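Chemist: Before I ask anything, let me first share the structure, which is written out below as structure tokens.
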Amino acid sequence: MVVRTLSGPAPKITLPKGAVDTQMHMYLPGFPALPGGPDLPAGTLPDAEQYRSFMKWIGIDRVIITQGNAHQRDNGNLVACLSEMGEVARGVAVISADTTDRDLDALADAGVVGARIMDLPGGAVGLEALEDVDARASARNWMVAVQFDGSNIGDHEERLSRLKSRWVLDHHGKFFCGVTPQSPQIDVLKRLIDTGNCWFKFAGVYESAKSAGPDYEDVAAVAREIAAFAPERIVWGTNWPHNLAKTTADYPDDAALADTVLGWFADDAARRLALVSNPETLFNLPAFTAA
């Protein structure tokens, strides 16, 4: 059983106005898990009401809702969540070469601005569909979120370098082998960033870190390196509701986690880039205006 903390002392690092959480999932009643994917998250369904409380606590103004693996290629839950959240939300859906133009139109009308490649167990569409998804996304000025085991990123460099869409390497690259700033995988990442359409996402640090929290020093070292190398290419996400957590004891302290990860940026200007300006570019969001 998981009980999620949704309020408490705010992070010590104040998020800038217009901050975008670029990595999270949301679930509404009436959308069961589908074959091929994981179960729905443990505990009470992490819905729009819970997430609004979470946004207020952490200091988030806007959100990108990513299609969860539990729903595989059925984007119905995502569309419902976008409707529930309104103008502050946009979505990243699962599509394929077989997705019809009518369905893509409907997704765009609902607020979808990107497509997901998830080449890990439970993912709905993997790297085998990379070029097909890229072609559909680029034709609509969508971005592509790409997640795989970054240990072998060199094997995919040529294909990734040819992508036409804006795209982001998810979850700190998921370098499950363990890397340092001097590793060849990080050289590949830098070359991909230098192609001009690649971003790097800080989210879910605990999923690939070899060193323990709260510092996650191995991932932190690479994060600081990339943040200094290309501050205009970093985006950030909370990874709420932390689907890998199966008990309350496993669930992270979100305020402390935000402070840890946001502390890897050099200063407030770098944080504003990563939380406001960069996601506006990557996801083609309008400039933020306070209500």
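In the structure tokens, chains take letters A, B, ... by order of appearance, with residues numbered from 1 within each chain and ligands from 1 in the order shown.
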Within 8 Å of region 187-190 of chain A, which residues of region 66-179 of chain A show up? Give each one with its shortest atom-to-atom distance in Å (one decimal) and the two atoms involved, counting only C-alpha atoms, rows by chain then rising residue number, as CSV.
Modeler:
residue,atom,partner,partner_atom,distance
A:Ile153,CA,A:Val188,CA,7.1
A:Gly154,CA,A:Val188,CA,6.3
A:Glu157,CA,A:Val188,CA,7.0
Chemist: May I have the residues within 10 Å of region 105-107 of chain A as a compact mmCIF listing (two decimals) with all heavy atoms, in the first residue's frame, using only C-alpha atoms and disregarding those fewer than 6 positions away in the same chain?
Modeler:
# COMPACT_ATOMS: atom_id res chain seq x y z
N ASN A 75 -4.82 5.74 -25.69
CA ASN A 75 -4.59 7.06 -25.10
C ASN A 75 -5.82 7.66 -24.44
O ASN A 75 -5.83 8.85 -24.13
CB ASN A 75 -4.09 8.02 -26.21
CG ASN A 75 -2.71 7.64 -26.73
OD1 ASN A 75 -1.72 7.73 -26.01
ND2 ASN A 75 -2.65 7.22 -27.99
N GLY A 76 -6.85 6.86 -24.21
CA GLY A 76 -8.09 7.38 -23.65
C GLY A 76 -7.91 8.03 -22.29
O GLY A 76 -8.48 9.10 -22.01
N LEU A 78 -5.16 9.35 -21.09
CA LEU A 78 -4.40 10.59 -21.28
C LEU A 78 -5.31 11.72 -21.74
O LEU A 78 -5.23 12.85 -21.20
CB LEU A 78 -3.29 10.36 -22.31
CG LEU A 78 -2.50 11.60 -22.75
CD1 LEU A 78 -1.74 12.21 -21.57
CD2 LEU A 78 -1.55 11.25 -23.89
N VAL A 79 -6.16 11.46 -22.71
CA VAL A 79 -7.07 12.49 -23.22
C VAL A 79 -8.00 12.96 -22.11
O VAL A 79 -8.26 14.17 -21.97
CB VAL A 79 -7.86 11.95 -24.42
CG1 VAL A 79 -9.00 12.90 -24.81
CG2 VAL A 79 -6.93 11.73 -25.61
N GLY A 91 0.15 16.94 -23.43
CA GLY A 91 0.37 15.51 -23.31
C GLY A 91 1.37 14.94 -24.28
O GLY A 91 1.62 15.49 -25.36
N VAL A 92 1.95 13.80 -23.89
CA VAL A 92 2.80 12.98 -24.75
C VAL A 92 2.11 11.62 -24.87
O VAL A 92 1.92 10.91 -23.87
CB VAL A 92 4.22 12.83 -24.17
CG1 VAL A 92 5.03 11.83 -24.99
CG2 VAL A 92 4.91 14.19 -24.14
N ALA A 93 1.74 11.26 -26.09
CA ALA A 93 0.93 10.08 -26.35
C ALA A 93 1.78 8.94 -26.93
O ALA A 93 2.96 9.12 -27.24
CB ALA A 93 -0.20 10.42 -27.33
N ILE A 95 1.90 6.61 -30.19
CA ILE A 95 1.40 6.48 -31.55
C ILE A 95 2.30 5.50 -32.30
O ILE A 95 3.35 5.10 -31.81
CB ILE A 95 1.35 7.83 -32.30
CG1 ILE A 95 2.77 8.39 -32.51
CG2 ILE A 95 0.49 8.83 -31.54
CD1 ILE A 95 2.83 9.60 -33.42
N VAL A 113 1.16 17.05 -27.63
CA VAL A 113 2.24 17.77 -28.33
C VAL A 113 3.46 16.90 -28.56
O VAL A 113 4.49 17.38 -29.02
CB VAL A 113 2.66 19.03 -27.54
CG1 VAL A 113 1.52 20.05 -27.47
CG2 VAL A 113 3.14 18.67 -26.12
N GLY A 114 3.34 15.60 -28.25
CA GLY A 114 4.50 14.74 -28.41
C GLY A 114 4.12 13.28 -28.45
O GLY A 114 2.97 12.89 -28.16
N ARG A 140 3.80 17.06 -37.64
CA ARG A 140 2.86 17.86 -36.85
C ARG A 140 3.56 18.82 -35.90
O ARG A 140 2.93 19.41 -35.03
CB ARG A 140 1.91 16.94 -36.08
CG ARG A 140 0.95 16.21 -37.00
CD ARG A 140 0.11 15.19 -36.28
NE ARG A 140 -0.84 14.62 -37.24
CZ ARG A 140 -2.09 15.05 -37.41
NH1 ARG A 140 -2.56 16.04 -36.68
NH2 ARG A 140 -2.87 14.50 -38.32
Chemist: I need the residue nearest Pro32 (chain A) from this list: A:Gly123, A:Pro16, A:Gly68, A:Pro11. Use only C-alpha atoms for the distance.
Modeler: A:Gly68
Chemist: Which residues are close to Gly43 (chain A), i.e. within 7 Å by only C-alpha atoms, leaving aside same-chain residues fewer than 4 positions away? Reply as a PyMOL selection string.
Modeler: chain A and resi 1-3
Chemist: Include all heavy atoms and write out the residues we just selected as an mmCIF file, in the first residue's frame.
Modeler:
data_model
loop_
_atom_site.group_PDB
_atom_site.id
_atom_site.type_symbol
_atom_site.label_atom_id
_atom_site.label_comp_id
_atom_site.auth_asym_id
_atom_site.auth_seq_id
_atom_site.Cartn_x
_atom_site.Cartn_y
_atom_site.Cartn_z
ATOM 1 N N MET A 1 0.839 -1.197 0.000
ATOM 2 C CA MET A 1 0.000 0.000 0.000
ATOM 3 C C MET A 1 0.876 1.250 0.000
ATOM 4 O O MET A 1 1.878 1.315 0.700
ATOM 5 C CB MET A 1 -0.911 0.013 1.238
ATOM 6 C CG MET A 1 -1.812 1.217 1.342
ATOM 7 S SD MET A 1 -3.039 1.255 0.027
ATOM 8 C CE MET A 1 -3.986 2.707 0.480
ATOM 9 N N VAL A 2 0.497 2.228 -0.796
ATOM 10 C CA VAL A 2 1.213 3.499 -0.864
ATOM 11 C C VAL A 2 0.281 4.625 -0.451
ATOM 12 O O VAL A 2 -0.846 4.729 -0.941
ATOM 13 C CB VAL A 2 1.737 3.774 -2.292
ATOM 14 C CG1 VAL A 2 2.233 5.211 -2.418
ATOM 15 C CG2 VAL A 2 2.860 2.821 -2.646
ATOM 16 N N VAL A 3 0.764 5.461 0.458
ATOM 17 C CA VAL A 3 0.082 6.714 0.789
ATOM 18 C C VAL A 3 1.007 7.833 0.349
ATOM 19 O O VAL A 3 2.125 7.964 0.856
ATOM 20 C CB VAL A 3 -0.224 6.818 2.296
ATOM 21 C CG1 VAL A 3 -0.868 8.165 2.604
ATOM 22 C CG2 VAL A 3 -1.136 5.671 2.742
#
Chemist: Which residue is closest to Ile60 (chain A)? Choose from A:Ala255, A:Ala145, A:Ala223, A:Leu130 and count only C-alpha atoms.
Modeler: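 With only C-alpha atoms as the atom set, the closest residue is A:Ala255.
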Chemist: Can you tell me, as a PDB file with N, CA and C atoms, in the first residue's frame, what residues are no more than 10 Å from Leu82 (chain A) when counting only C-alpha atoms, ignoring any on the same chain fewer than 4 positions away?
Modeler:
ATOM      1  N   MET A  26      -0.633  10.364 -14.855  1.00  0.00           N
ATOM      2  CA  MET A  26      -1.877  10.610 -14.138  1.00  0.00           C
ATOM      3  C   MET A  26      -2.887   9.549 -14.563  1.00  0.00           C
ATOM      4  N   ALA A  48      -6.197  13.705 -10.989  1.00  0.00           N
ATOM      5  CA  ALA A  48      -5.988  15.144 -11.164  1.00  0.00           C
ATOM      6  C   ALA A  48      -6.076  15.887  -9.835  1.00  0.00           C
ATOM      7  N   VAL A  63       2.241  21.450 -16.727  1.00  0.00           N
ATOM      8  CA  VAL A  63       2.588  20.037 -16.665  1.00  0.00           C
ATOM      9  C   VAL A  63       2.482  19.385 -18.042  1.00  0.00           C
ATOM     10  N   ILE A  64       3.386  18.440 -18.280  1.00  0.00           N
ATOM     11  CA  ILE A  64       3.313  17.545 -19.425  1.00  0.00           C
ATOM     12  C   ILE A  64       2.932  16.170 -18.892  1.00  0.00           C
ATOM     13  N   ILE A  65       1.767  15.676 -19.279  1.00  0.00           N
ATOM     14  CA  ILE A  65       1.304  14.358 -18.845  1.00  0.00           C
ATOM     15  C   ILE A  65       1.738  13.333 -19.885  1.00  0.00           C
ATOM     16  N   ASN A  77      -7.140   7.395 -21.419  1.00  0.00           N
ATOM     17  CA  ASN A  77      -6.893   7.982 -20.099  1.00  0.00           C
ATOM     18  C   ASN A  77      -6.155   9.306 -20.218  1.00  0.00           C
ATOM     19  N   LEU A  78      -5.158   9.352 -21.087  1.00  0.00           N
ATOM     20  CA  LEU A  78      -4.398  10.588 -21.281  1.00  0.00           C
ATOM     21  C   LEU A  78      -5.307  11.723 -21.737  1.00  0.00           C
ATOM     22  N   GLY A  86      -7.074  20.888 -18.037  1.00  0.00           N
ATOM     23  CA  GLY A  86      -7.280  22.151 -18.738  1.00  0.00           C
ATOM     24  C   GLY A  86      -6.014  22.741 -19.314  1.00  0.00           C
ATOM     25  N   GLU A  87      -5.975  24.056 -19.401  1.00  0.00           N
ATOM     26  CA  GLU A  87      -4.963  24.767 -20.178  1.00  0.00           C
ATOM     27  C   GLU A  87      -3.552  24.629 -19.619  1.00  0.00           C
ATOM     28  N   VAL A  88      -3.404  24.255 -18.346  1.00  0.00           N
ATOM     29  CA  VAL A  88      -2.056  24.131 -17.770  1.00  0.00           C
ATOM     30  C   VAL A  88      -1.344  22.869 -18.232  1.00  0.00           C
ATOM     31  N   ALA A  89      -2.056  21.972 -18.933  1.00  0.00           N
ATOM     32  CA  ALA A  89      -1.497  20.663 -19.271  1.00  0.00           C
ATOM     33  C   ALA A  89      -1.392  20.443 -20.769  1.00  0.00           C
ATOM     34  N   ARG A  90      -0.355  19.718 -21.156  1.00  0.00           N
ATOM     35  CA  ARG A  90      -0.207  19.167 -22.490  1.00  0.00           C
ATOM     36  C   ARG A  90       0.184  17.701 -22.321  1.00  0.00           C
ATOM     37  N   GLY A  91       0.153  16.936 -23.435  1.00  0.00           N
ATOM     38  CA  GLY A  91       0.366  15.509 -23.308  1.00  0.00           C
ATOM     39  C   GLY A  91       1.366  14.937 -24.281  1.00  0.00           C
ATOM     40  N   ALA A 110      -6.890  17.502 -28.322  1.00  0.00           N
ATOM     41  CA  ALA A 110      -6.970  17.272 -26.882  1.00  0.00           C
ATOM     42  C   ALA A 110      -5.807  17.894 -26.119  1.00  0.00           C
ATOM     43  N   GLY A 111      -4.742  18.297 -26.843  1.00  0.00           N
ATOM     44  CA  GLY A 111      -3.596  18.913 -26.186  1.00  0.00           C
ATOM     45  C   GLY A 111      -2.320  18.100 -26.245  1.00  0.00           C
ATOM     46  N   VAL A 112      -2.301  17.062 -27.071  1.00  0.00           N
ATOM     47  CA  VAL A 112      -1.081  16.263 -27.231  1.00  0.00           C
ATOM     48  C   VAL A 112      -0.077  17.029 -28.085  1.00  0.00           C
TER      49      VAL A 112
END
Chemist: I'd like the neighbourhood of Ala19 (chain A) as a PDB file with N, CA and C atoms, in the first residue's frame, where a residue qualifies if any of its atoms comes within 9 Å (using only C-alpha atoms), though same-chain residues fewer than 3 positions away should be ignored.
Modeler:
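Full text of out-v6.pdb as output:
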ATOM      1  N   LEU A  15      10.842  27.263  -7.021  1.00  0.00           N
ATOM      2  CA  LEU A  15      10.724  27.085  -8.455  1.00  0.00           C
ATOM      3  C   LEU A  15      10.340  28.405  -9.118  1.00  0.00           C
ATOM      4  N   PRO A  16      10.836  28.671 -10.316  1.00  0.00           N
ATOM      5  CA  PRO A  16      10.497  29.927 -10.992  1.00  0.00           C
ATOM      6  C   PRO A  16       9.040  29.919 -11.451  1.00  0.00           C
ATOM      7  N   GLY A  59       5.319  23.879  -6.232  1.00  0.00           N
ATOM      8  CA  GLY A  59       5.458  25.171  -6.894  1.00  0.00           C
ATOM      9  C   GLY A  59       5.443  25.069  -8.406  1.00  0.00           C
ATOM     10  N   ILE A  60       4.687  24.108  -8.933  1.00  0.00           N
ATOM     11  CA  ILE A  60       4.608  23.845 -10.370  1.00  0.00           C
ATOM     12  C   ILE A  60       3.420  24.591 -10.962  1.00  0.00           C
ATOM     13  N   ASP A  61       3.606  25.203 -12.112  1.00  0.00           N
ATOM     14  CA  ASP A  61       2.522  25.928 -12.778  1.00  0.00           C
ATOM     15  C   ASP A  61       1.948  25.198 -13.984  1.00  0.00           C
ATOM     16  N   ARG A  62       2.774  24.398 -14.671  1.00  0.00           N
ATOM     17  CA  ARG A  62       2.340  23.725 -15.887  1.00  0.00           C
ATOM     18  C   ARG A  62       2.856  22.283 -15.887  1.00  0.00           C
ATOM     19  N   VAL A  63       2.241  21.450 -16.727  1.00  0.00           N
ATOM     20  CA  VAL A  63       2.588  20.037 -16.665  1.00  0.00           C
ATOM     21  C   VAL A  63       2.482  19.385 -18.042  1.00  0.00           C
ATOM     22  N   ARG A 272      15.807  28.503 -14.300  1.00  0.00           N
ATOM     23  CA  ARG A 272      14.722  29.073 -15.083  1.00  0.00           C
ATOM     24  C   ARG A 272      14.750  28.553 -16.520  1.00  0.00           C
ATOM     25  N   ALA A 274      15.819  25.557 -17.445  1.00  0.00           N
ATOM     26  CA  ALA A 274      15.402  24.160 -17.442  1.00  0.00           C
ATOM     27  C   ALA A 274      13.925  23.979 -17.113  1.00  0.00           C
ATOM     28  N   LEU A 275      13.369  24.857 -16.323  1.00  0.00           N
ATOM     29  CA  LEU A 275      11.993  24.678 -15.853  1.00  0.00           C
ATOM     30  C   LEU A 275      10.977  25.524 -16.621  1.00  0.00           C
ATOM     31  N   VAL A 276      11.440  26.533 -17.349  1.00  0.00           N
ATOM     32  CA  VAL A 276      10.504  27.426 -18.049  1.00  0.00           C
ATOM     33  C   VAL A 276      10.830  27.525 -19.537  1.00  0.00           C
ATOM     34  N   SER A 277      11.960  28.106 -19.867  1.00  0.00           N
ATOM     35  CA  SER A 277      12.267  28.410 -21.268  1.00  0.00           C
ATOM     36  C   SER A 277      12.492  27.158 -22.109  1.00  0.00           C
ATOM     37  N   PRO A 279      11.504  23.907 -21.680  1.00  0.00           N
ATOM     38  CA  PRO A 279      10.300  23.142 -22.018  1.00  0.00           C
ATOM     39  C   PRO A 279       9.357  23.884 -22.960  1.00  0.00           C
ATOM     40  N   PHE A 288       4.750  31.668 -20.776  1.00  0.00           N
ATOM     41  CA  PHE A 288       3.918  31.693 -19.579  1.00  0.00           C
ATOM     42  C   PHE A 288       3.481  33.101 -19.228  1.00  0.00           C
TER      43      PHE A 288
END
Chemist: Could you tell me, as a PyMOL selection string, which residues of region 25-253 of chain A DSSP assigns to strand (DSSP E) when given the backbone?
Modeler: chain A and resi 62-66+89-93+112-118+143-147+166-169+198-202+234-236
Chemist: To one decimal place in Å, what is the distance between CA of Ser96 (chain A) and CA of Val144 (chain A)?
Modeler: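 These two atoms are separated by 12.0 Å.
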Chemist: For Ala228 (chain A), work out the shell of residues within 10 Å, counting only C-alpha atoms and skipping chain neighbours fewer than 6 positions away, then give it as a ChimeraX atom specification.
Modeler: /A:222,234,264-266,270
Chemist: For the alpha helix (DSSP H) assignment from backbone DSSP, which residues of region 90-280 of chain A qualify? Please present them as a PyMOL selection string.
Modeler: chain A and resi 101-110+130-138+153-161+184-194+217-229+254-262+268-272+278-280
Chemist: For Ala10 (chain A), work out the shell of residues within 10 Å, counting only C-alpha atoms and skipping chain neighbours fewer than 5 positions away, then give it as a list in words.
Modeler: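 Surrounding residues, per the criterion: Leu15, Lys56, Trp57, Ile58, Gly59, Asp254, Ala255, Ala256, Ala258 and Asp259 of chain A.
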Chemist: Can you write out as CSV which residues of region 50-130 of chain A fall within 6 Å of region 33-41 of chain A, alongside each residue's closest atom pair and its distance in Å to one decimal, counting only C-alpha atoms and ordering rows by chain and ascending residue number?
Modeler:
residue,atom,partner,partner_atom,distance
A:Asn69,CA,A:Gly37,CA,5.4
A:Ala70,CA,A:Gly37,CA,4.7
A:His71,CA,A:Ala33,CA,5.4
A:Gly122,CA,A:Gly37,CA,4.5
Chemist: Quick one: write out the picked residues with N, CA and C atoms as an mmCIF file, in the first residue's frame?
Modeler:
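This went into again_35.cif:
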data_model
loop_
_atom_site.group_PDB
_atom_site.id
_atom_site.type_symbol
_atom_site.label_atom_id
_atom_site.label_comp_id
_atom_site.auth_asym_id
_atom_site.auth_seq_id
_atom_site.Cartn_x
_atom_site.Cartn_y
_atom_site.Cartn_z
ATOM 1 N N ASN A 69 2.645 3.362 -19.144
ATOM 2 C CA ASN A 69 2.759 2.042 -19.754
ATOM 3 C C ASN A 69 1.548 1.162 -19.480
ATOM 4 N N ALA A 70 0.871 1.401 -18.368
ATOM 5 C CA ALA A 70 -0.280 0.566 -18.028
ATOM 6 C C ALA A 70 -1.346 0.590 -19.116
ATOM 7 N N HIS A 71 -1.459 1.701 -19.833
ATOM 8 C CA HIS A 71 -2.507 1.840 -20.840
ATOM 9 C C HIS A 71 -2.021 1.561 -22.253
ATOM 10 N N GLY A 122 7.579 -3.485 -20.629
ATOM 11 C CA GLY A 122 6.303 -2.848 -20.383
ATOM 12 C C GLY A 122 5.992 -1.700 -21.310
#
Chemist: From the options A:Ala230, A:Leu285, A:Leu28, A:Ala135, which residue's atoms come nearest to Met85 (chain A), counting only C-alpha atoms?
Modeler: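 Nearest candidate to Met85 (chain A) out of A:Ala230, A:Leu285, A:Leu28, A:Ala135: A:Leu28.
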Chemist: Would you please work out which residue, of A:Leu282, A:Val179, A:Ala269, A:Ala80, is nearest to Pro231 (chain A) when using only C-alpha atoms?
Modeler: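 Once distances to Pro231 (chain A) are computed over only C-alpha atoms, the minimum belongs to A:Ala269.
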Chemist: Provide the CA of Ala129 (chain A) to CA of Val20 (chain A) distance in Å, to one decimal place.
Modeler: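 Computed distance, CA of Ala129 (chain A) to CA of Val20 (chain A), equals 27.9 Å.
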